[in-house]
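Below: model.cif (mmCIF, C-alpha atoms)
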```cif
data_data
#
loop_
_atom_site.label_atom_id
_atom_site.label_comp_id
_atom_site.auth_asym_id
_atom_site.auth_seq_id
_atom_site.Cartn_x
_atom_site.Cartn_y
_atom_site.Cartn_z
CA MET A 24 -98.82 -0.97 -19.27
CA ALA A 25 -95.53 -2.90 -19.51
CA VAL A 26 -93.18 -2.12 -22.40
CA LEU A 27 -92.22 -5.07 -24.66
CA LYS A 28 -93.70 -7.73 -22.39
CA VAL A 29 -92.70 -11.36 -23.08
CA THR A 30 -93.97 -14.52 -21.38
CA PHE A 31 -91.33 -17.07 -20.29
CA THR A 32 -91.73 -20.69 -19.26
CA LYS A 33 -89.26 -22.31 -16.91
CA THR A 34 -87.43 -23.87 -19.87
CA LYS A 35 -87.18 -20.54 -21.68
CA ARG A 36 -85.88 -18.83 -18.54
CA GLY A 37 -83.18 -21.49 -18.25
CA LYS A 38 -82.15 -21.11 -21.89
CA LEU A 39 -82.13 -17.32 -21.54
CA ALA A 40 -79.86 -17.54 -18.48
CA GLN A 41 -77.47 -19.90 -20.28
CA ALA A 42 -77.36 -17.68 -23.37
CA LEU A 43 -76.71 -14.59 -21.25
CA TRP A 44 -73.93 -16.38 -19.38
CA LEU A 45 -72.25 -17.16 -22.71
CA LEU A 46 -72.81 -13.66 -24.09
CA ASN A 47 -71.36 -12.06 -20.96
CA TRP A 48 -68.18 -14.06 -21.41
CA VAL A 49 -68.08 -12.99 -25.04
CA SER A 50 -68.38 -9.42 -23.73
CA VAL A 51 -65.37 -10.05 -21.47
CA VAL A 52 -63.43 -10.95 -24.63
CA THR A 53 -64.62 -7.73 -26.28
CA GLY A 54 -63.31 -5.89 -23.21
CA PHE A 55 -59.85 -7.35 -23.84
CA LEU A 56 -60.27 -6.33 -27.49
CA LEU A 57 -60.91 -2.74 -26.41
CA ILE A 58 -57.82 -2.81 -24.21
CA SER A 59 -55.77 -4.14 -27.13
CA LEU A 60 -57.08 -1.43 -29.46
CA GLY A 61 -56.27 1.23 -26.88
CA LEU A 62 -52.73 -0.10 -26.43
CA PHE A 63 -52.26 -0.29 -30.21
CA LEU A 64 -53.44 3.30 -30.70
CA LYS A 65 -51.28 4.45 -27.80
CA ALA A 66 -48.22 2.80 -29.36
CA GLU A 67 -48.95 4.37 -32.77
CA ILE A 68 -49.23 7.83 -31.20
CA GLN A 69 -46.08 7.29 -29.12
CA LYS A 70 -44.11 6.49 -32.28
CA ARG A 71 -44.59 10.06 -33.54
CA ARG A 72 -45.29 11.86 -30.29
CA GLU A 73 -42.55 14.41 -31.00
CA LEU A 74 -44.41 15.37 -34.19
CA MET A 75 -47.64 16.19 -32.33
CA SER A 76 -48.50 18.90 -29.87
CA GLU A 77 -50.02 18.00 -26.52
CA ARG A 78 -53.78 17.93 -27.10
CA GLU A 79 -56.84 15.91 -26.10
CA VAL A 80 -56.12 13.39 -28.85
CA HIS A 81 -53.61 11.70 -26.51
CA ALA A 82 -56.48 10.88 -24.12
CA VAL A 83 -58.33 8.64 -26.61
CA PRO A 84 -56.17 5.52 -25.97
CA SER A 85 -56.56 5.94 -22.20
CA VAL A 86 -60.34 6.16 -22.59
CA LEU A 87 -60.39 2.94 -24.63
CA ILE A 88 -58.25 1.10 -22.08
CA ALA A 89 -60.41 2.27 -19.16
CA VAL A 90 -63.63 1.31 -20.97
CA GLY A 91 -62.15 -2.09 -21.81
CA LEU A 92 -61.26 -2.78 -18.17
CA ALA A 93 -64.75 -1.74 -17.07
CA THR A 94 -66.28 -4.01 -19.71
CA CYS A 95 -64.34 -7.01 -18.39
CA CYS A 96 -65.35 -6.37 -14.76
CA ILE A 97 -69.03 -5.62 -15.46
CA ASN A 98 -69.58 -8.63 -17.72
CA PHE A 99 -67.67 -10.97 -15.43
CA LEU A 100 -70.13 -10.06 -12.67
CA GLY A 101 -73.04 -10.28 -15.13
CA GLY A 102 -72.02 -13.81 -16.15
CA LYS A 103 -71.94 -14.88 -12.51
CA MET A 104 -75.44 -13.50 -11.91
CA CYS A 105 -76.92 -14.99 -15.07
CA VAL A 106 -75.60 -18.49 -14.50
CA GLU A 107 -77.54 -18.59 -11.21
CA GLY A 108 -80.39 -16.34 -12.30
CA ALA A 109 -82.71 -19.05 -13.61
CA ASP A 110 -82.95 -20.79 -10.22
CA ALA A 111 -85.42 -19.16 -7.84
CA ALA A 112 -83.44 -20.01 -4.71
CA ALA A 113 -80.14 -18.77 -6.18
CA PHE A 114 -81.81 -15.67 -7.61
CA LEU A 115 -82.64 -14.48 -4.09
CA ARG A 116 -78.92 -13.87 -3.48
CA TRP A 117 -78.73 -11.54 -6.48
CA LYS A 118 -82.16 -9.94 -6.30
CA LEU A 119 -81.03 -6.78 -4.48
CA LEU A 120 -77.88 -6.42 -6.58
CA MET A 121 -79.54 -6.73 -10.00
CA PRO A 122 -81.38 -3.34 -10.13
CA PRO A 123 -78.25 -1.25 -9.38
CA TYR A 124 -76.23 -3.53 -11.68
CA ILE A 125 -78.64 -2.95 -14.56
CA ALA A 126 -78.76 0.81 -13.91
CA GLY A 127 -74.97 1.02 -13.72
CA THR A 128 -74.51 -1.06 -16.86
CA PHE A 129 -77.04 1.10 -18.70
CA CYS A 130 -75.03 4.21 -17.81
CA PHE A 131 -71.84 2.41 -18.84
CA THR A 132 -73.21 1.73 -22.30
CA PHE A 133 -73.33 5.49 -22.82
CA CYS A 134 -69.61 5.60 -22.01
CA LEU A 135 -69.08 3.07 -24.80
CA LEU A 136 -71.15 5.17 -27.17
CA ALA A 137 -69.21 8.29 -26.16
CA GLY A 138 -65.93 6.46 -26.85
CA ALA A 139 -67.13 5.44 -30.32
CA LEU A 140 -68.23 8.99 -31.15
CA LEU A 141 -64.95 10.39 -29.78
CA CYS A 142 -62.97 8.27 -32.24
CA HIS A 143 -65.01 9.70 -35.11
CA ALA A 144 -65.00 13.32 -33.88
CA VAL A 145 -61.31 13.71 -33.01
CA ARG A 146 -60.18 14.56 -36.57
CA GLY A 147 -60.25 18.34 -36.03
CA GLN A 148 -58.15 18.19 -32.86
CA LEU A 149 -55.81 15.70 -34.51
CA GLU A 150 -55.23 18.05 -37.45
CA GLU A 151 -54.38 20.95 -35.14
CA SER A 152 -52.05 18.74 -33.12
CA LEU A 153 -50.21 17.54 -36.22
CA SER A 154 -50.00 21.02 -37.74
CA GLN A 155 -48.41 22.54 -34.65
CA GLY A 156 -46.17 19.54 -33.97
CA LEU A 157 -44.81 19.37 -37.53
CA ARG A 158 -44.24 23.13 -37.58
CA ASP A 159 -42.11 22.88 -34.44
CA ALA A 160 -40.27 19.80 -35.70
CA MET A 161 -39.30 21.56 -38.93
CA ARG A 162 -38.15 24.62 -36.99
CA TYR A 163 -35.81 22.51 -34.84
CA TYR A 164 -34.75 20.16 -37.66
CA LYS A 165 -31.27 21.71 -37.79
CA ASP A 166 -30.64 21.48 -34.02
CA THR A 167 -28.86 18.12 -34.15
CA ASP A 168 -26.52 19.14 -31.33
CA ALA A 169 -29.21 20.53 -28.98
CA PRO A 170 -30.28 18.30 -26.06
CA GLY A 171 -33.88 17.14 -26.46
CA ARG A 172 -33.96 18.05 -30.17
CA CYS A 173 -31.15 15.99 -31.64
CA PHE A 174 -33.56 13.21 -32.66
CA LEU A 175 -35.98 15.44 -34.59
CA LYS A 176 -33.97 15.40 -37.82
CA ARG A 177 -34.05 11.62 -37.98
CA SER A 178 -37.75 11.51 -37.03
CA VAL A 179 -38.71 13.97 -39.77
CA ASP A 180 -36.57 12.25 -42.41
CA VAL A 181 -38.00 8.82 -41.58
CA LEU A 182 -41.52 10.27 -41.64
CA GLN A 183 -41.08 11.88 -45.07
CA MET A 184 -39.60 8.74 -46.60
CA GLN A 185 -42.07 6.34 -44.98
CA PHE A 186 -45.22 8.33 -45.77
CA GLN A 187 -43.88 9.78 -49.06
CA CYS A 188 -44.58 13.35 -48.00
CA CYS A 189 -42.71 16.61 -47.69
CA GLY A 190 -43.13 19.55 -45.34
CA ASN A 191 -46.18 20.39 -43.30
CA ALA A 192 -48.69 21.29 -46.00
CA GLY A 193 -46.22 20.85 -48.88
CA PHE A 194 -42.56 21.06 -49.90
CA ARG A 195 -42.63 24.88 -49.98
CA ASP A 196 -42.88 24.92 -46.18
CA TRP A 197 -39.14 24.17 -46.08
CA PHE A 198 -38.49 27.47 -47.90
CA GLN A 199 -39.69 29.35 -44.81
CA VAL A 200 -37.44 27.73 -42.19
CA GLN A 201 -33.70 27.41 -41.82
CA TRP A 202 -33.16 23.65 -41.89
CA ILE A 203 -29.34 23.77 -42.30
CA SER A 204 -27.38 24.46 -39.12
CA ASN A 205 -24.90 27.35 -39.08
CA ARG A 206 -22.22 24.78 -38.27
CA PHE A 207 -22.41 23.57 -41.86
CA LEU A 208 -22.45 27.01 -43.49
CA ASP A 209 -19.32 28.68 -44.81
CA LEU A 210 -19.83 32.08 -43.24
CA SER A 211 -16.80 33.44 -45.12
CA ARG A 212 -18.58 33.19 -48.46
CA ALA A 213 -20.25 36.35 -49.71
CA GLU A 214 -23.31 34.44 -50.93
CA VAL A 215 -23.96 33.05 -47.47
CA LYS A 216 -23.44 36.43 -45.82
CA ASP A 217 -25.81 38.15 -48.24
CA ARG A 218 -28.49 35.54 -47.67
CA LEU A 219 -28.22 35.91 -43.89
CA ARG A 220 -28.36 39.70 -44.10
CA SER A 221 -31.35 39.64 -46.44
CA ASN A 222 -33.50 37.98 -43.75
CA VAL A 223 -34.85 40.11 -40.90
CA GLU A 224 -34.29 37.34 -38.36
CA GLY A 225 -30.86 36.47 -39.72
CA LYS A 226 -31.91 33.03 -40.99
CA TYR A 227 -30.41 31.20 -43.92
CA LEU A 228 -33.50 30.62 -46.10
CA MET A 229 -33.41 29.04 -49.54
CA ASP A 230 -35.60 27.22 -52.03
CA GLY A 231 -34.33 23.80 -51.00
CA VAL A 232 -35.58 20.76 -49.14
CA PRO A 233 -33.96 17.88 -47.20
CA PHE A 234 -32.98 14.74 -49.12
CA SER A 235 -35.89 12.80 -47.57
CA CYS A 236 -38.31 14.80 -49.73
CA CYS A 237 -36.92 13.25 -52.89
CA ASN A 238 -39.24 11.00 -54.84
CA LEU A 239 -37.60 7.59 -55.21
CA ASN A 240 -39.54 7.00 -58.41
CA SER A 241 -38.05 10.04 -60.14
CA PRO A 242 -36.30 9.16 -63.42
CA ARG A 243 -33.64 11.84 -62.86
CA PRO A 244 -31.31 12.64 -59.96
CA CYS A 245 -33.12 14.45 -57.20
CA ILE A 246 -33.19 18.23 -57.41
CA GLN A 247 -33.39 19.47 -53.84
CA HIS A 248 -31.64 22.83 -54.16
CA GLN A 249 -32.72 25.82 -56.27
CA ILE A 250 -36.00 24.06 -56.84
CA THR A 251 -37.80 27.09 -58.24
CA ASN A 252 -34.86 28.13 -60.50
CA ASN A 253 -35.51 26.42 -63.82
CA SER A 254 -32.37 27.87 -65.40
CA ALA A 255 -30.15 26.18 -62.81
CA HIS A 256 -31.06 22.72 -64.14
CA PHE A 257 -31.17 21.22 -67.60
CA ASN A 258 -34.54 20.29 -69.06
CA TYR A 259 -36.37 21.13 -65.84
CA ASP A 260 -39.59 22.93 -64.97
CA HIS A 261 -40.60 22.92 -61.29
CA ARG A 262 -44.21 23.73 -62.20
CA THR A 263 -44.74 20.55 -64.21
CA ASP A 264 -42.15 18.07 -62.92
CA GLU A 265 -44.19 16.23 -60.29
CA LEU A 266 -41.93 13.19 -60.02
CA ASN A 267 -38.92 14.91 -58.44
CA LEU A 268 -40.31 15.63 -54.93
CA TRP A 269 -43.15 14.34 -52.83
CA ARG A 270 -45.94 16.85 -53.31
CA ARG A 271 -48.24 15.76 -50.48
CA GLY A 272 -47.76 17.40 -47.10
CA CYS A 273 -46.95 15.23 -44.07
CA ARG A 274 -49.82 16.72 -42.09
CA GLN A 275 -52.34 15.35 -44.56
CA ALA A 276 -50.52 12.02 -44.79
CA LEU A 277 -50.50 11.52 -41.01
CA LEU A 278 -54.05 12.84 -40.69
CA ASP A 279 -55.34 10.27 -43.20
CA TYR A 280 -53.37 7.51 -41.47
CA TYR A 281 -54.59 8.23 -37.94
CA THR A 282 -58.12 9.06 -39.07
CA GLN A 283 -58.43 5.67 -40.76
CA ILE A 284 -57.23 3.92 -37.58
CA MET A 285 -59.56 5.88 -35.29
CA ARG A 286 -62.59 5.44 -37.53
CA SER A 287 -61.97 1.70 -37.69
CA ILE A 288 -61.65 1.57 -33.90
CA GLY A 289 -64.77 3.74 -33.53
CA SER A 290 -66.78 1.37 -35.72
CA ILE A 291 -65.63 -1.62 -33.64
CA VAL A 292 -66.54 0.17 -30.40
CA LEU A 293 -69.96 1.02 -31.86
CA LEU A 294 -70.59 -2.66 -32.62
CA ILE A 295 -69.51 -3.56 -29.08
CA TRP A 296 -71.95 -0.95 -27.76
CA LEU A 297 -74.83 -2.54 -29.68
CA PHE A 298 -73.78 -5.97 -28.42
CA GLU A 299 -73.62 -4.74 -24.79
CA LEU A 300 -77.06 -3.16 -25.17
CA SER A 301 -78.53 -6.45 -26.38
CA VAL A 302 -76.94 -8.34 -23.45
CA LEU A 303 -78.30 -5.75 -21.01
CA THR A 304 -81.78 -6.18 -22.53
CA GLY A 305 -81.61 -9.92 -21.93
CA VAL A 306 -80.49 -9.43 -18.32
CA ARG A 307 -83.45 -7.09 -17.75
CA TYR A 308 -85.87 -9.72 -19.09
CA LEU A 309 -84.32 -12.36 -16.84
CA GLN A 310 -84.57 -10.10 -13.79
CA THR A 311 -88.23 -9.12 -14.27
CA SER A 312 -89.36 -12.64 -15.14
CA MET A 313 -87.66 -14.12 -12.07
CA GLU A 314 -89.13 -11.42 -9.80
CA ASN A 315 -92.59 -12.36 -11.07
CA VAL A 316 -91.82 -16.01 -10.34
CA LEU A 317 -91.03 -15.10 -6.73
CA ARG A 318 -94.28 -13.12 -6.48
CA GLN A 319 -96.27 -16.10 -7.71
CA GLY A 320 -94.44 -18.50 -5.38
CA ASP A 321 -94.29 -21.29 -8.00
CA PRO A 322 -90.88 -21.85 -9.67
CA GLU A 323 -92.50 -24.04 -12.35
CA SER A 324 -95.03 -21.45 -13.51
CA GLU A 325 -94.88 -19.10 -16.45
CA SER A 326 -93.90 -15.49 -15.80
CA ASP A 327 -93.87 -12.24 -17.69
CA GLY A 328 -90.71 -10.25 -18.34
CA TRP A 329 -90.46 -6.70 -19.65
CA LEU A 330 -88.10 -3.83 -20.21
CA LEU A 331 -90.22 -1.31 -18.30
CA GLU A 332 -93.09 -2.07 -15.98
CA ASN A 333 -94.91 1.09 -17.09
CA SER A 334 -94.79 3.22 -20.22
CA PHE A 335 -91.82 5.45 -20.99
CA ALA A 336 -93.72 8.59 -19.96
CA GLU A 337 -94.91 7.09 -16.67
CA THR A 338 -91.44 5.75 -15.87
CA ALA A 339 -89.83 9.11 -16.57
CA ARG A 340 -92.46 10.89 -14.47
CA TYR A 341 -91.96 8.43 -11.61
CA ASN A 342 -88.17 8.84 -11.60
CA PHE A 343 -88.50 12.61 -11.80
CA ASN A 344 -90.81 12.63 -8.77
CA ILE A 345 -88.31 10.51 -6.85
CA ILE A 346 -85.52 12.97 -7.56
CA LYS A 347 -87.82 15.88 -6.72
CA ASN A 348 -88.89 14.32 -3.39
CA LEU A 349 -85.28 13.61 -2.49
CA GLY A 350 -84.52 17.29 -2.93
CA LYS A 351 -87.50 18.26 -0.76
CA CYS A 352 -86.48 15.80 1.95
CA HIS A 353 -82.99 17.23 2.02
CA GLN A 354 -84.36 20.75 2.26
CA GLY A 355 -86.82 19.71 4.99
CA ASP A 356 -84.06 18.10 7.02
CA GLU A 357 -82.18 21.37 7.07
CA GLU A 358 -85.28 23.35 8.11
CA ASP A 359 -86.19 20.89 10.90
CA ASP A 360 -82.67 20.67 12.27
CA PRO A 361 -83.00 21.67 16.00
CA ASN A 362 -79.45 22.99 15.99
CA ILE A 363 -80.20 25.63 13.35
CA ASN A 364 -81.05 29.14 14.55
CA VAL A 365 -81.08 28.05 18.21
CA PRO A 366 -79.73 30.77 20.51
CA THR A 367 -76.93 29.93 22.84
CA SER A 368 -77.42 29.78 26.61
CA ALA A 369 -75.91 33.23 27.05
CA GLN A 370 -78.22 34.68 24.43
CA SER A 371 -81.35 32.93 25.76
CA ARG A 372 -80.85 34.10 29.35
CA PRO A 373 -82.37 37.61 29.79
CA GLU A 374 -80.57 39.89 32.20
CA ASN A 375 -83.65 41.60 33.68
CA VAL A 376 -86.76 39.48 33.67
CA SER A 377 -89.71 40.49 35.81
CA SER A 378 -91.95 38.06 37.65
CA LYS A 379 -94.87 38.88 35.34
CA GLN A 380 -92.78 37.97 32.30
CA MET A 381 -91.86 34.69 33.95
CA ASN A 382 -95.52 33.99 34.92
CA LEU A 383 -94.45 32.87 38.38
CA PRO A 384 -96.51 33.42 41.54
CA ILE A 385 -95.40 36.31 43.68
#
```
Render the structure in this file as structure tokens.
Amino acid sequence: MAVLKVTFTKTKRGKLAQALWLLNWVSVVTGFLLISLGLFLKAEIQKRRELMSEREVHAVPSVLIAVGLATCCINFLGGKMCVEGADAAAFLRWKLLMPPYIAGTFCFTFCLLAGALLCHAVRGQLEESLSQGLRDAMRYYKDTDAPGRCFLKRSVDVLQMQFQCCGNAGFRDWFQVQWISNRFLDLSRAEVKDRLRSNVEGKYLMDGVPFSCCNLNSPRPCIQHQITNNSAHFNYDHRTDELNLWRRGCRQALLDYYTQIMRSIGSIVLLIWLFELSVLTGVRYLQTSMENVLRQGDPESESDGWLLENSFAETARYNFNIIKNLGKCHQGDEEDDPNINVPTSAQSRPENVSSKQMNLPI
């Protein structure tokens, strides 16, 4: 029994073909939209690439671009087939191509769905990438004279001012790294020497943060040194004064920013997937209805179209048997190969063969 069978007249088949032609061209536009979204996401990641570690999150833009290109190509071909699909004579040219086209497009829709789910599921990997990248950037913040690292100070400062954040998880992360280069330390001072000796690794650690952590909305001059020493500042309590420094960590700020972008892109891709699925359904109806027209031999007659000629269970069983028989045929070809297990001429020629063994007359 056919699944979702619909009867089409010649007029309805023509309108269906025209609608599918238009929808396929709309799908080509959605393909360009996917490419644009991939390029946009790629540019946003490239802006702060030095603040991220190399992880799978960098592959998401490439997946979107590849899916967008495939969408353009597939729907361009689909539009060409649909515009000629309502005419019986023209349909003959596409009859053999339509089944593999529909099967390939059906598989492609799962790639679209996988891309949409990937955008929603990448948050965990993105958080790990940002955590490691920001940790390394803070460690090399002071290396303004080191090749390959001289730009990190500016990148971190711009990030903290633009996103109103400080440190990796918070401003206290700066207490655990030396962010002032030894070039700018007066090593002759006893205070500096004592601080360097007090650290096992010989680092100059202090309860201070870079200027970019300062809250621009603070009513008082920024306190970025001796932050935890209340007695060093007048009318100051670091436990209650929340307006002096940005309290939110940059990892959370960037994570929220990129997560919002990827979820928005994922929702758009999901809508495109539903749209592609509806277009594919229409192409399937056009194919089956036109094949029935050819069977009847009357282009003016009504014809039935369906998604599946048999039920889901019967179709699955039929396809499984095809795959199973293909495996048996491949195995049988190997067993029937005359070149397998055939002895060579030297092996097949016995050295001492009697006349009785040869069954020849004496």
Extract, using only C-alpha atoms, all DNA, RNA and protein residues at most 10 Å from Leu140 in chain A, discarding same-chain residues fewer than 2 positions from it, and format them as a PyMOL selection string.
-> chain A and resi 134-138+142-145+286+289-290+292-293
Prev. selection, C-alpha atoms, output as a short mmCIF file (atom, residue, chain, number, x, y, z; two decimals), keeping the file's coordinate frame:
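Once everything was written out, this is result.cif:
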```
data_model
loop_
_atom_site.label_atom_id
_atom_site.label_comp_id
_atom_site.auth_asym_id
_atom_site.auth_seq_id
_atom_site.Cartn_x
_atom_site.Cartn_y
_atom_site.Cartn_z
CA CYS A 134 -69.61 5.60 -22.01
CA LEU A 135 -69.08 3.07 -24.80
CA LEU A 136 -71.15 5.17 -27.17
CA ALA A 137 -69.21 8.29 -26.16
CA GLY A 138 -65.93 6.46 -26.85
CA CYS A 142 -62.97 8.27 -32.24
CA HIS A 143 -65.01 9.70 -35.11
CA ALA A 144 -65.00 13.32 -33.88
CA VAL A 145 -61.31 13.71 -33.01
CA ARG A 286 -62.59 5.44 -37.53
CA GLY A 289 -64.77 3.74 -33.53
CA SER A 290 -66.78 1.37 -35.72
CA VAL A 292 -66.54 0.17 -30.40
CA LEU A 293 -69.96 1.02 -31.86
#
```
Name the residues captured by the PyMOL selection byres ((chain A and resi 183-185) around 12) when it is applied to the shown file; answer as a ChimeraX atom specification.
-> /A:74,157,161,176-182,186-191,193-194,232-240,268-277,280
Who sits within 12 Å of range 38-43 of chain A, only C-alpha atoms, same chain under 4 positions skipped, as a PyMOL selection string = chain A and resi 31-34+47-50+98-110+114+298-299+301-310+312-313+328
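The spacing separating CA of Lys28 in chain A from CA of Asp327 in chain A amounts to 6.5 Å.
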Starting from the shown file, work through the PyMOL selection byres ((chain A and resi 75) around 6) and note down what comes out as a ChimeraX atom specification.
-> /A:72-74,76,152-153,156
Quick one: pull the distance between CA of Asp159 in chain A and CA of Ile288 in chain A, Å, one decimal.
->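 Distance between the two atoms: 28.9 Å.
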Name the closest residue to Lys226 in chain A among the candidates A:Gln247, A:Ser211, A:Ser204, A:Asn344; distances are taken between atoms, counting only C-alpha atoms.
->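 Looking only at the distances to Lys226 in chain A, the closest residue turns out to be A:Ser204.
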Go through A:Glu77, A:Ala111, A:Tyr124, A:Val86 one by one, measure the shortest atom-to-atom distance of each to Gln155 in chain A using all atoms listed in the file, and give the residue with the smallest value.
-> A:Glu77
Would you give the centre and edge lengths, in Å to one decimal, of a box along x, y and z around the listed atoms of range 124-140 of chain A, with 8 Å added to each side, as AutoDock Vina command-line options?
```
--center_x -72.3 --center_y 2.7 --center_z -21.4 --size_x 28.8 --size_y 28.5 --size_z 35.5
```
Quick one: apply the PyMOL selection byres ((chain A and resi 146) around 9) to the file and drop the selected residues here as a VMD selection string.
-> chain A and resid 80 142 to 145 147 to 151 278 281 to 282 285
From A:Val83, A:Ala126, A:Ile88, A:Ala112, residue lying nearest Leu141 in chain A [only C-alpha atoms] |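 Nearest to Leu141 in chain A: A:Val83.
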Which value, in Å to one decimal, gives the distance between CA of Gln199 in chain A and CA of Asn222 in chain A?
-> 10.7 Å
So, counting all atoms listed in the file, which residue among A:Ala82, A:Met121, A:Ala93, A:Ala160 is closest to Phe55 in chain A?
->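 Smallest separation from Phe55 in chain A among the options: A:Ala93.
Minimum distance to Pro122 in chain A across A:Ala139, A:Thr311, A:Leu46, A:Leu219 (counting all atoms listed in the file) occurs at A:Thr311.
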